[in-house]
$ cat protein-v3.txt   # compact mmCIF, C-alpha atoms
# COMPACT_ATOMS: atom_id res chain seq x y z
CA MET A 1 0.00 0.00 0.00
CA GLY A 2 1.21 3.47 -0.84
CA ALA A 3 3.42 2.28 -3.69
CA GLY A 4 1.29 4.08 -6.29
CA LYS A 5 -0.39 1.05 -7.89
CA THR A 6 -3.73 2.77 -8.44
CA THR A 7 -2.11 5.75 -10.12
CA ALA A 8 -0.01 3.44 -12.32
CA ALA A 9 -2.98 1.26 -13.25
CA ARG A 10 -5.16 4.19 -14.21
CA ALA A 11 -2.31 5.69 -16.24
CA VAL A 12 -2.41 2.68 -18.58
CA GLY A 13 -6.20 2.46 -18.75
CA GLY A 14 -6.61 -0.09 -15.99
CA ILE A 15 -8.55 -0.26 -12.77
CA ASP A 16 -7.88 -0.91 -9.10
CA THR A 17 -9.32 -3.64 -6.90
CA ASP A 18 -10.61 -1.02 -4.49
CA ASP A 19 -12.81 0.51 -7.21
CA LEU A 20 -14.43 -2.86 -7.96
CA ILE A 21 -14.76 -3.91 -4.34
CA GLU A 22 -16.39 -0.66 -3.24
CA ALA A 23 -18.82 -0.92 -6.15
CA ALA A 24 -19.66 -4.54 -5.30
CA ALA A 25 -19.98 -3.94 -1.55
CA GLY A 26 -21.70 -0.60 -1.85
CA LYS A 27 -19.48 1.02 0.75
CA PRO A 28 -15.91 2.27 1.22
CA ILE A 29 -13.01 -0.07 1.98
CA SER A 30 -12.62 1.44 5.45
CA GLU A 31 -16.21 0.48 6.29
CA ILE A 32 -15.75 -3.08 4.98
CA PHE A 33 -12.78 -3.53 7.32
CA ARG A 34 -14.57 -1.92 10.25
CA GLU A 35 -17.94 -3.64 9.83
CA ASP A 36 -17.09 -6.96 8.16
CA GLY A 37 -13.39 -7.58 8.78
CA GLU A 38 -10.35 -8.21 6.60
CA ALA A 39 -11.44 -11.73 5.64
CA VAL A 40 -14.52 -10.38 3.87
CA PHE A 41 -12.42 -7.77 2.09
CA ARG A 42 -9.99 -10.46 0.85
CA ALA A 43 -12.91 -12.56 -0.39
CA TYR A 44 -14.09 -9.63 -2.50
CA GLU A 45 -10.53 -9.04 -3.69
CA GLN A 46 -9.78 -12.55 -4.92
CA ASP A 47 -12.88 -12.52 -7.14
CA ALA A 48 -11.83 -9.34 -8.97
CA ILE A 49 -10.23 -9.31 -12.40
CA VAL A 50 -8.06 -6.23 -12.13
CA MET A 51 -4.92 -4.46 -13.08
CA ALA A 52 -3.89 -2.95 -9.73
CA LEU A 53 -3.96 -5.68 -7.09
CA GLY A 54 -4.18 -4.89 -3.39
CA GLY A 55 -0.98 -5.24 -1.39
CA GLY A 56 -2.27 -8.19 0.63
CA ALA A 57 -4.09 -10.04 -2.14
CA VAL A 58 -1.19 -12.39 -2.84
CA LYS A 59 -1.60 -13.91 0.62
CA SER A 60 -4.37 -15.95 -1.01
CA GLN A 61 -3.22 -19.12 -2.78
CA ARG A 62 -6.17 -18.74 -5.17
CA VAL A 63 -4.90 -15.32 -6.22
CA ARG A 64 -1.33 -16.59 -6.58
CA ASP A 65 -2.56 -19.43 -8.79
CA ALA A 66 -4.52 -17.00 -10.94
CA LEU A 67 -1.42 -14.85 -11.43
CA ASP A 68 0.43 -17.77 -13.06
CA ASP A 69 -1.19 -16.90 -16.40
CA THR A 70 -1.15 -13.13 -15.93
CA LEU A 71 1.51 -10.49 -16.48
CA THR A 72 2.28 -9.47 -12.89
CA ILE A 73 4.26 -6.32 -12.18
CA TRP A 74 5.68 -5.54 -8.76
CA LEU A 75 5.72 -1.79 -8.22
CA ASP A 76 8.61 -1.80 -5.74
CA VAL A 77 8.77 1.46 -3.78
CA ASP A 78 10.78 1.97 -0.59
CA VAL A 79 8.94 1.74 2.71
CA GLU A 80 9.63 5.36 3.68
CA THR A 81 7.91 6.65 0.55
CA CYS A 82 4.96 4.30 1.01
CA TRP A 83 4.48 5.32 4.65
CA GLU A 84 4.75 9.00 3.77
CA ARG A 85 1.91 8.57 1.27
CA VAL A 86 -0.50 6.69 3.55
CA GLN A 87 0.11 8.01 7.07
CA GLY A 88 -2.87 9.89 8.42
CA SER A 89 -5.21 8.24 5.92
CA ASP A 90 -8.15 5.97 6.78
CA ARG A 91 -6.46 2.88 5.34
CA PRO A 92 -7.15 0.16 7.92
CA LEU A 93 -3.68 -1.39 7.73
CA ALA A 94 -1.85 1.94 7.79
CA GLN A 95 -2.75 3.13 11.27
CA ASP A 96 0.43 1.97 13.00
CA GLU A 97 3.88 2.62 11.49
CA ALA A 98 5.59 -0.34 13.14
CA GLU A 99 2.92 -2.74 11.91
CA PHE A 100 3.04 -1.13 8.46
CA ARG A 101 6.80 -1.72 8.25
CA ARG A 102 6.38 -5.31 9.44
CA LEU A 103 3.82 -6.00 6.70
CA PHE A 104 6.13 -4.41 4.14
CA GLU A 105 8.97 -6.81 4.98
CA GLU A 106 6.67 -9.81 5.42
CA ARG A 107 5.13 -9.46 1.96
CA ARG A 108 8.27 -8.81 -0.09
CA ALA A 109 9.08 -12.49 -0.57
CA LEU A 110 5.53 -13.12 -1.80
CA TYR A 111 5.73 -10.22 -4.23
CA ALA A 112 9.01 -11.53 -5.62
CA SER A 113 7.61 -15.02 -6.05
CA VAL A 114 4.56 -13.97 -8.10
CA SER A 115 6.02 -11.14 -10.18
CA ASP A 116 7.14 -11.35 -13.79
CA THR A 117 8.92 -8.01 -13.63
CA VAL A 118 9.73 -5.23 -11.20
CA ALA A 119 8.87 -1.57 -11.82
CA LYS A 120 10.22 1.43 -9.97
CA ASP A 121 7.58 3.95 -11.08
CA VAL A 122 4.52 4.53 -13.24
CA HIS A 123 6.70 4.88 -16.35
CA ASP A 124 8.12 1.38 -15.87
CA VAL A 125 4.59 0.05 -15.42
CA ALA A 126 3.44 1.59 -18.70
CA LEU A 127 6.40 0.10 -20.54
CA ALA A 128 5.90 -3.35 -19.02
CA VAL A 129 2.18 -3.47 -19.81
CA ALA A 130 2.89 -2.33 -23.39
CA GLY A 131 5.63 -4.94 -23.79
CA VAL A 132 8.33 -2.33 -24.33
CA VAL A 133 11.88 -3.07 -23.15
CA VAL A 134 14.12 -0.02 -22.73
CA GLU A 135 17.53 -1.32 -21.76
CA ARG A 136 21.16 -0.80 -22.67
CA GLY A 137 22.45 -4.00 -24.23
CA ALA A 138 18.94 -5.15 -25.24
CA LEU A 139 20.11 -5.90 -28.79
CA GLN A 140 22.45 -8.56 -27.46
CA ARG A 141 19.48 -10.16 -25.66
CA LEU A 142 17.19 -10.06 -28.69
CA GLY A 143 16.81 -13.84 -28.81
CA GLU A 144 15.38 -13.78 -25.28
CA LEU A 145 13.16 -10.77 -25.92
CA VAL A 146 11.35 -12.05 -29.03
CA PRO A 147 8.35 -13.98 -27.62
CA GLY A 148 7.52 -17.51 -28.69
CA ASP A 149 9.71 -20.20 -30.18
CA GLY A 150 8.81 -19.97 -33.88
CA GLN A 151 11.05 -18.91 -36.72
CA VAL A 152 12.07 -15.29 -37.24
CA ALA A 153 12.37 -13.15 -40.38
CA LEU A 154 14.73 -10.21 -39.89
CA VAL A 155 13.82 -7.10 -41.90
CA SER A 156 16.14 -4.09 -42.15
CA ASP A 157 17.66 -1.62 -44.58
CA ALA A 158 21.20 -2.00 -45.91
CA HIS A 159 22.67 0.80 -43.79
CA VAL A 160 21.27 -0.42 -40.47
CA ALA A 161 22.01 -4.03 -41.33
CA GLY A 162 25.63 -3.08 -41.96
CA ILE A 163 25.91 -1.58 -38.46
CA HIS A 164 23.69 -3.76 -36.28
CA GLY A 165 22.60 -6.68 -38.47
CA MET A 166 25.29 -9.12 -37.38
CA ASP A 167 24.61 -8.48 -33.68
CA ALA A 168 20.90 -9.07 -34.27
CA GLN A 169 21.52 -12.27 -36.21
CA LEU A 170 23.84 -13.65 -33.56
CA ALA A 171 21.36 -12.81 -30.82
CA LEU A 172 18.48 -14.50 -32.67
CA GLY A 173 20.56 -17.65 -33.18
CA SER A 174 18.85 -20.73 -34.59
CA ARG A 175 15.44 -19.05 -34.69
CA LEU A 176 16.57 -16.80 -37.55
CA ALA A 177 15.18 -18.34 -40.74
CA GLU A 178 15.37 -15.51 -43.29
CA THR A 179 16.57 -11.95 -43.79
CA HIS A 180 15.07 -9.23 -45.97
CA GLU A 181 16.25 -5.81 -47.06
CA LEU A 182 14.07 -2.71 -47.43
CA PRO A 183 15.09 0.56 -49.05
CA ALA A 184 16.12 3.35 -46.71
CA GLY A 185 13.73 6.17 -45.88
CA GLU A 186 10.21 6.68 -47.19
CA GLU A 187 10.87 4.42 -50.19
CA ALA A 188 10.39 1.54 -47.75
CA LYS A 189 6.79 2.64 -47.27
CA THR A 190 5.48 1.96 -50.79
CA LEU A 191 3.14 -0.68 -52.18
CA ALA A 192 5.87 -1.92 -54.50
CA THR A 193 8.28 -2.51 -51.60
CA LEU A 194 5.63 -4.29 -49.54
CA ASP A 195 4.60 -6.44 -52.52
CA ARG A 196 8.18 -7.63 -52.90
CA LEU A 197 8.54 -8.34 -49.18
CA TRP A 198 5.28 -10.30 -48.99
CA GLN A 199 6.33 -12.45 -51.94
CA GLU A 200 9.74 -13.16 -50.39
CA LEU A 201 8.47 -14.10 -46.92
CA ARG A 202 8.36 -17.81 -46.11
CA LEU A 203 7.28 -17.68 -42.45
CA GLY A 204 4.44 -19.79 -41.14
CA ARG A 205 1.71 -18.48 -38.85
CA SER A 206 3.85 -19.10 -35.77
CA GLY A 207 6.67 -16.97 -37.14
CA THR A 208 7.68 -13.47 -36.13
CA ILE A 209 8.87 -10.54 -38.23
CA VAL A 210 11.63 -8.58 -36.48
CA ALA A 211 11.96 -5.03 -37.82
CA LEU A 212 15.46 -3.69 -37.17
CA GLY A 213 15.73 -0.01 -37.99
CA GLY A 214 14.19 3.43 -37.80
CA GLY A 215 10.65 4.66 -38.16
CA THR A 216 10.17 3.89 -41.84
CA THR A 217 11.38 0.32 -41.37
CA THR A 218 9.12 -0.30 -38.39
CA ASP A 219 6.14 1.30 -40.16
CA ALA A 220 6.61 -0.83 -43.29
CA ALA A 221 7.56 -4.12 -41.64
CA GLY A 222 4.79 -3.71 -39.08
CA TYR A 223 2.20 -3.30 -41.81
CA ALA A 224 3.70 -6.24 -43.69
CA ALA A 225 3.24 -8.34 -40.53
CA ALA A 226 -0.34 -7.11 -40.07
CA ALA A 227 -1.37 -8.27 -43.54
CA TYR A 228 0.84 -11.33 -44.16
CA LEU A 229 -1.15 -14.54 -43.53
CA ARG A 230 -3.84 -12.21 -42.12
CA GLY A 231 -1.47 -11.19 -39.37
CA VAL A 232 1.71 -12.61 -37.84
CA ALA A 233 3.59 -11.44 -34.77
CA TRP A 234 6.18 -8.73 -35.12
CA VAL A 235 8.85 -7.09 -32.95
CA PRO A 236 10.27 -3.66 -33.76
CA VAL A 237 13.89 -3.15 -32.71
CA ALA A 238 14.28 0.62 -32.79
CA THR A 239 17.69 1.90 -33.88
CA SER A 240 16.95 5.62 -34.42
CA LEU A 241 15.83 8.25 -31.95
CA VAL A 242 12.60 8.80 -33.90
CA ALA A 243 11.76 5.11 -33.61
CA GLN A 244 12.80 4.80 -29.96
CA VAL A 245 10.68 7.67 -28.70
CA ASP A 246 7.75 7.40 -31.10
CA ALA A 247 7.47 5.35 -34.28
CA ALA A 248 8.12 1.85 -32.91
CA ILE A 249 5.64 2.17 -30.03
CA GLY A 250 1.91 1.50 -30.04
CA GLY A 251 1.27 -0.73 -33.04
CA LYS A 252 0.30 1.95 -35.56
CA THR A 253 1.69 0.75 -38.91
CA ALA A 254 1.34 2.30 -42.35
CA ILE A 255 2.71 2.97 -45.81
CA ASP A 256 2.38 6.03 -48.04
CA LEU A 257 0.44 6.77 -51.20
CA PRO A 258 1.37 9.50 -53.72
CA GLN A 259 -1.60 11.47 -52.37
CA GLY A 260 -0.35 11.52 -48.79
CA LYS A 261 1.56 9.92 -45.96
CA ASN A 262 0.39 6.90 -43.95
CA LEU A 263 -2.86 6.55 -45.89
CA VAL A 264 -2.78 2.72 -45.89
CA GLY A 265 -2.08 0.83 -42.68
CA ALA A 266 -3.34 -1.15 -39.73
CA PHE A 267 -3.28 -1.23 -35.96
CA HIS A 268 -1.11 -4.25 -35.13
CA TRP A 269 0.32 -4.26 -31.61
CA PRO A 270 3.86 -5.68 -31.44
CA ALA A 271 4.51 -8.89 -29.52
CA ALA A 272 7.34 -6.88 -27.93
CA THR A 273 9.20 -3.66 -28.62
CA VAL A 274 12.96 -3.58 -28.07
CA ILE A 275 14.71 -0.26 -27.42
CA ASP A 276 18.44 -0.17 -26.77
CA PRO A 277 19.54 3.43 -26.05
CA ALA A 278 23.15 2.40 -26.60
CA LEU A 279 22.39 2.23 -30.33
CA LEU A 280 21.95 5.99 -30.39
CA GLY A 281 25.73 6.27 -30.12
CA THR A 282 26.01 5.32 -33.80
CA LEU A 283 23.63 8.03 -35.00
CA PRO A 284 24.99 10.94 -37.05
CA ASP A 285 24.13 14.38 -35.68
CA ALA A 286 21.60 14.92 -38.48
CA GLN A 287 19.69 11.77 -37.49
CA ARG A 288 19.70 12.78 -33.86
CA ARG A 289 18.19 16.15 -34.77
CA GLU A 290 15.47 14.26 -36.63
CA GLY A 291 14.53 12.42 -33.47
CA MET A 292 14.64 15.49 -31.27
CA SER A 293 11.57 16.82 -33.07
CA GLU A 294 9.55 13.93 -31.66
CA VAL A 295 11.18 14.35 -28.24
CA VAL A 296 10.15 18.02 -28.16
CA LYS A 297 6.64 17.11 -29.32
CA THR A 298 6.30 14.54 -26.55
CA GLY A 299 7.66 16.95 -23.94
CA LEU A 300 5.19 19.63 -25.01
CA LEU A 301 2.31 17.18 -24.68
CA ALA A 302 3.50 15.94 -21.29
CA GLY A 303 4.33 19.43 -20.06
CA GLU A 304 7.84 18.31 -19.12
CA PRO A 305 11.19 19.21 -20.74
CA PHE A 306 12.18 15.67 -21.70
CA TRP A 307 14.83 17.10 -24.02
CA GLU A 308 16.85 18.19 -20.98
CA LEU A 309 17.24 14.62 -19.64
CA PRO A 310 20.21 12.27 -20.30
CA ASP A 311 19.62 10.01 -23.29
CA ASP A 312 18.58 6.85 -21.44
CA GLU A 313 16.04 8.63 -19.25
CA MET A 314 14.85 10.83 -22.11
CA VAL A 315 14.08 7.76 -24.20
CA ARG A 316 12.45 5.93 -21.26
CA ARG A 317 10.17 8.83 -20.38
CA CYS A 318 9.13 9.53 -23.99
CA ALA A 319 8.50 5.85 -24.68
CA ALA A 320 6.49 5.45 -21.47
CA PHE A 321 4.39 8.53 -22.19
CA LYS A 322 3.42 7.25 -25.62
CA ALA A 323 2.92 3.68 -24.40
CA ALA A 324 0.48 4.79 -21.72
CA ILE A 325 -1.58 6.83 -24.19
CA CYS A 326 -1.68 3.98 -26.71
CA LEU A 327 -2.74 1.50 -24.03
CA ARG A 328 -5.65 3.75 -23.09
CA ASP A 329 -6.59 4.40 -26.72
CA PRO A 330 -5.16 1.61 -28.88
CA GLU A 331 -7.12 2.44 -32.04
CA ASP A 332 -6.72 6.22 -32.13
CA LYS A 333 -10.35 7.03 -31.35
CA GLY A 334 -9.70 9.58 -28.61
CA GLU A 335 -6.73 10.92 -26.72
CA ARG A 336 -4.16 9.12 -28.88
CA LYS A 337 -4.90 11.77 -31.48
CA MET A 338 -2.84 14.20 -29.41
CA LEU A 339 0.31 12.44 -30.65
CA ASN A 340 -0.33 14.11 -34.02
CA LEU A 341 0.60 17.52 -32.63
CA GLY A 342 2.15 19.37 -35.58
CA HIS A 343 1.96 16.33 -37.84
CA THR A 344 -0.88 17.52 -40.05
CA PHE A 345 1.38 20.31 -41.28
CA ALA A 346 4.42 18.02 -41.33
CA HIS A 347 2.77 15.39 -43.53
CA ALA A 348 1.57 18.08 -45.92
CA LEU A 349 5.09 19.44 -46.35
CA GLU A 350 6.57 15.98 -46.86
CA ALA A 351 3.95 15.05 -49.47
CA ALA A 352 4.41 18.34 -51.33
CA ALA A 353 8.13 17.61 -51.50
CA GLY A 354 7.47 14.14 -52.91
CA TYR A 355 9.14 12.72 -49.77
CA GLU A 356 12.47 14.03 -51.02
CA GLY A 357 14.40 17.01 -49.74
CA VAL A 358 12.23 17.58 -46.67
CA THR A 359 12.95 15.19 -43.83
CA HIS A 360 10.37 14.03 -41.31
CA GLY A 361 12.21 15.77 -38.48
CA GLN A 362 12.35 19.08 -40.35
CA ALA A 363 8.68 18.83 -41.20
CA VAL A 364 7.63 18.00 -37.62
CA ALA A 365 9.67 20.91 -36.25
CA LEU A 366 7.87 23.26 -38.63
CA GLY A 367 4.53 21.66 -37.86
CA LEU A 368 5.09 22.26 -34.15
CA LEU A 369 5.64 25.94 -34.87
CA ALA A 370 2.29 26.11 -36.68
CA ALA A 371 0.44 24.20 -33.96
CA LEU A 372 1.89 26.37 -31.20
CA ARG A 373 1.06 29.57 -33.06
CA LEU A 374 -2.53 28.44 -33.53
CA SER A 375 -2.56 27.54 -29.83
CA ARG A 376 -1.22 31.01 -29.03
CA ARG A 377 1.64 29.43 -27.15
CA ASP A 378 5.32 30.35 -26.85
CA ILE A 379 7.40 28.98 -29.75
CA SER A 380 10.83 29.83 -28.31
CA GLN A 381 11.65 26.29 -27.13
CA VAL A 382 10.95 24.82 -30.57
CA GLU A 383 13.01 27.56 -32.22
CA GLU A 384 15.95 27.17 -29.81
CA ILE A 385 16.11 23.37 -29.76
CA LEU A 386 15.06 22.45 -33.32
CA ARG A 387 15.92 25.64 -35.25
CA PRO A 388 13.35 25.05 -38.02
CA THR A 389 13.58 27.06 -41.23
CA PRO A 390 10.93 27.34 -43.98
CA VAL A 391 11.19 24.79 -46.78
CA ARG A 392 10.80 25.16 -50.53
CA VAL A 393 7.76 23.21 -51.66
CA ASP A 394 4.75 23.95 -53.85
CA ARG A 395 2.18 25.76 -51.71
CA GLU A 396 -0.85 24.37 -53.53
CA LYS A 397 0.43 20.81 -53.38
CA ALA A 398 1.03 21.22 -49.65
CA TRP A 399 -2.48 22.54 -49.13
CA GLU A 400 -4.01 19.71 -51.15
CA ALA A 401 -1.99 17.17 -49.16
CA LEU A 402 -3.09 18.72 -45.88
CA LEU A 403 -6.73 18.50 -46.85
CA ARG A 404 -6.24 14.86 -47.86
CA ASP A 405 -4.35 14.09 -44.64
CA LYS A 406 -7.27 15.37 -42.55
CA LYS A 407 -9.68 13.11 -44.46
CA GLY A 408 -12.54 15.45 -43.52
CA ALA A 409 -13.06 18.66 -41.56
CA LEU A 410 -10.06 20.74 -40.51
CA ARG A 411 -9.65 19.61 -36.94
CA LEU A 412 -6.22 19.85 -35.35
CA VAL A 413 -4.32 19.03 -32.18
CA LEU A 414 -3.59 22.16 -30.16
CA LEU A 415 -2.27 22.94 -26.70
CA GLY A 416 -4.82 24.51 -24.38
CA ASP A 417 -4.46 25.94 -20.90
CA ASP A 418 -5.31 22.52 -19.43
CA GLY A 419 -3.07 20.51 -21.76
CA PRO A 420 -3.45 18.89 -25.18
CA GLN A 421 -6.73 19.18 -27.06
CA TRP A 422 -7.63 17.21 -30.16
CA ASP A 423 -10.32 17.48 -32.80
CA VAL A 424 -10.23 21.25 -32.41
CA ALA A 425 -12.10 22.92 -35.27
CA VAL A 426 -9.86 25.56 -36.87
CA PRO A 427 -10.98 27.90 -39.67
CA ALA A 428 -9.47 26.92 -43.00
CA GLU A 429 -8.05 30.40 -43.56
CA ASP A 430 -6.10 30.19 -40.28
CA VAL A 431 -4.70 26.78 -41.16
CA ARG A 432 -3.73 27.94 -44.65
CA ARG A 433 -2.05 31.05 -43.24
CA GLU A 434 0.11 29.02 -40.86
CA LEU A 435 0.95 26.47 -43.56
CA ASP A 436 2.11 29.24 -45.87
CA ARG A 437 4.39 30.61 -43.13
CA LEU A 438 6.29 27.30 -43.18
CA ILE A 439 7.06 27.53 -46.90
CA ALA A 440 9.93 29.61 -48.29

$ encode --input "protein-v3.txt" --output "C-alpha cells"
Amino acid sequence: MGAGKTTAARAVGGIDTDDLIEAAAGKPISEIFREDGEAVFRAYEQDAIVMALGGGAVKSQRVRDALDDTLTIWLDVDVETCWERVQGSDRPLAQDEAEFRRLFEERRALYASVSDTVAKDVHDVALAVAGVVVERGALQRLGELVPGDGQVALVSDAHVAGIHGMDAQLALGSRLAETHELPAGEEAKTLATLDRLWQELRLGRSGTIVALGGGTTTDAAGYAAAAYLRGVAWVPVATSLVAQVDAAIGGKTAIDLPQGKNLVGAFHWPAATVIDPALLGTLPDAQRREGMSEVVKTGLLAGEPFWELPDDEMVRRCAAFKAAICLRDPEDKGERKMLNLGHTFAHALEAAAGYEGVTHGQAVALGLLAALRLSRRDISQVEEILRPTPVRVDREKAWEALLRDKKGALRLVLLGDDGPQWDVAVPAEDVRRELDRLIA
C-alpha cells in the first residue's frame, strides 16, 4: 500500500481492486474492514479481475494461482515513501507505522515469487504493460526478448544491417530463418516494396517478423506483418531516436500513397518492442536532430522538458508517455490523437516535397511551430532546440496534401491551458495562413 499502484494502473487504462470492491460492496473499503473484517475484504478481492492488485491479495493461494497466467508487475517502492503517502489516511492497515513496516517486509518475498517483472515507477509500469523493453544492451538479448519459439524473419535496410545486423543475427541464433532488405527512408513505405517483401516471406503463422531499424522500417515491416497470412507477430527493434521515442511504439503501422503519408495501414500491436539506447551512439548528428523533433513534441504534450534529460532517461520517459496513451486508446479514437501535434502540417510538407528534400524531423519541427502559433503558445523552445527554417515546396500541393491528410473537416491538435486538445475545429483560412508561413 502506498506504492502508487492505483495511479499506475489508471495511467495505462486499468482499474484498481478497491474501485471494484467498493462498487460490489456498496461502501468504502474502510467500512468493509470496520464492519465486516479483513477476511470479507480479501474474499471480495480474490474474485476481482483487475490491473492494480491490493498489497495483501497475494496472501491468497487462489490469487497466486490465478497470477500464473497473468503479467504481474511488482511496483517496488521503498517503505519510507509508502508510509509518507499513507500516514494519516483511513487505510485500515496503515494506522500503525511499526505494523506497516512489518507487513512491508513480510510481503516482499511473496511479491518476488509472483512477479514477472519489477517496476520502480509509473513509467516502468506503462512500458511493461505495453511490452516495451528499454535497456542498454537489449540488442544482445534479442533472442530472449522475441516472444515464442517460432522462426524469425529479420527485416532491415542496408545501412542499419551493416551496423547492427550481425549483432541481431547472432542474438536471434537458430530461430533466424530468413533476412530481408528494405530501401532506406520513405521508399520503404510503398506498395511496390511491400509487394516484394510479402512475396519473399516464407514464415508460417507461428513466425515473427523482427523489424530492425528506424521509423520507416518499423512502419513498413509492421504493416507487412499485419497483412501477411492475415497477421503474424512482429517485434520492432528501434535503432533511431525517432523510432525509440515514437514510431516503434503502439502498433500503428502504415505505408504512403502518392496522395499523402500513412494513408494505408493497420493497428497491429507488437509482440514486444525492443529499445536499446546504446544504439543511439552510432547516430549521425543529423539523425539525432530528426529524433529530437519527436522528443520536443512529446515533452510539449507531457508538459515536461524531456529534451533536458540524459539520453537513457529521455528515451524511457518519452516511450512510457506514448505507451500509456496507446494502451488507453489503442485504435486512435480519442486521446491518442494528441500524438499528431504538428503532424498535419508536417505530412503536408513531406507530401508536397514528394518525400524528397524535406525530412520528417524538419517537417515536424515546422509543424510544431504552426500548432503552437494556432494555440497562441510560446514557440521559443521549438526555435531554440530544433531551429526550423521554412522549406521550398509547392504551396498548392502542400495545401491539397493537408486537406487529404485530414480526411474530412479541418480539426487539429492544439495545446490549451489545461493541456493537449484534439479534434479542435480551426478555420481553413487560419490553417492555410500558418501552412504558408512554413514555406519559403

$ atom_distance --input "protein-v3.txt" --atom1 "CA of Ala324 (chain A)" --atom2 "CA of Glu186 (chain A)"
27.3 Å

$ residues_around --input "protein-v3.txt" --residues "Glu384 (chain A)" --least-positions-apart "4" --cutoff "12 Å" --atoms "all atoms listed in the file" --output "list in words"
Met292, Ser293, Val296, Trp307, Ala365, Leu369, Asp378, Ile379, Ser380, Pro388 and Thr389 of chain A

$ write_last_selection --input "protein-v3.txt" --atoms "C-alpha atoms" --output "short mmCIF file (atom, residue, chain, number, x, y, z; two decimals), keeping the file's coordinate frame"
data_model
loop_
_atom_site.label_atom_id
_atom_site.label_comp_id
_atom_site.auth_asym_id
_atom_site.auth_seq_id
_atom_site.Cartn_x
_atom_site.Cartn_y
_atom_site.Cartn_z
CA MET A 292 14.64 15.49 -31.27
CA SER A 293 11.57 16.82 -33.07
CA VAL A 296 10.15 18.02 -28.16
CA TRP A 307 14.83 17.10 -24.02
CA ALA A 365 9.67 20.91 -36.25
CA LEU A 369 5.64 25.94 -34.87
CA ASP A 378 5.32 30.35 -26.85
CA ILE A 379 7.40 28.98 -29.75
CA SER A 380 10.83 29.83 -28.31
CA PRO A 388 13.35 25.05 -38.02
CA THR A 389 13.58 27.06 -41.23
#

$ closest_residue --input "protein-v3.txt" --among "A:Ala272, A:Leu414, A:Ala254, A:Ala94" --to "Gly2 (chain A)" --atoms "all atoms listed in the file"
A:Ala94

$ atom_distance --input "protein-v3.txt" --atom1 "CA of Asp417 (chain A)" --atom2 "CA of Ala302 (chain A)"
12.8 Å

$ closest_atom_pairs --input "protein-v3.txt" --of "region 288-386 of chain A" --to "region 118-122 of chain A" --cutoff "12 Å" --atoms "all atoms listed in the file" --output "JSON lines"
{"residue": "A:Arg316", "atom": "CA", "partner": "A:Val122", "partner_atom": "CA", "distance": 11.4}
{"residue": "A:Arg317", "atom": "CA", "partner": "A:Val122", "partner_atom": "CA", "distance": 10.1}
{"residue": "A:Ala320", "atom": "CA", "partner": "A:Val122", "partner_atom": "CA", "distance": 8.5}
{"residue": "A:Phe321", "atom": "CA", "partner": "A:Val122", "partner_atom": "CA", "distance": 9.8}
{"residue": "A:Ala323", "atom": "CA", "partner": "A:Val122", "partner_atom": "CA", "distance": 11.3}
{"residue": "A:Ala324", "atom": "CA", "partner": "A:Val122", "partner_atom": "CA", "distance": 9.4}

$ atom_distance --input "protein-v3.txt" --atom1 "CA of Thr81 (chain A)" --atom2 "CA of Gly303 (chain A)"
24.5 Å
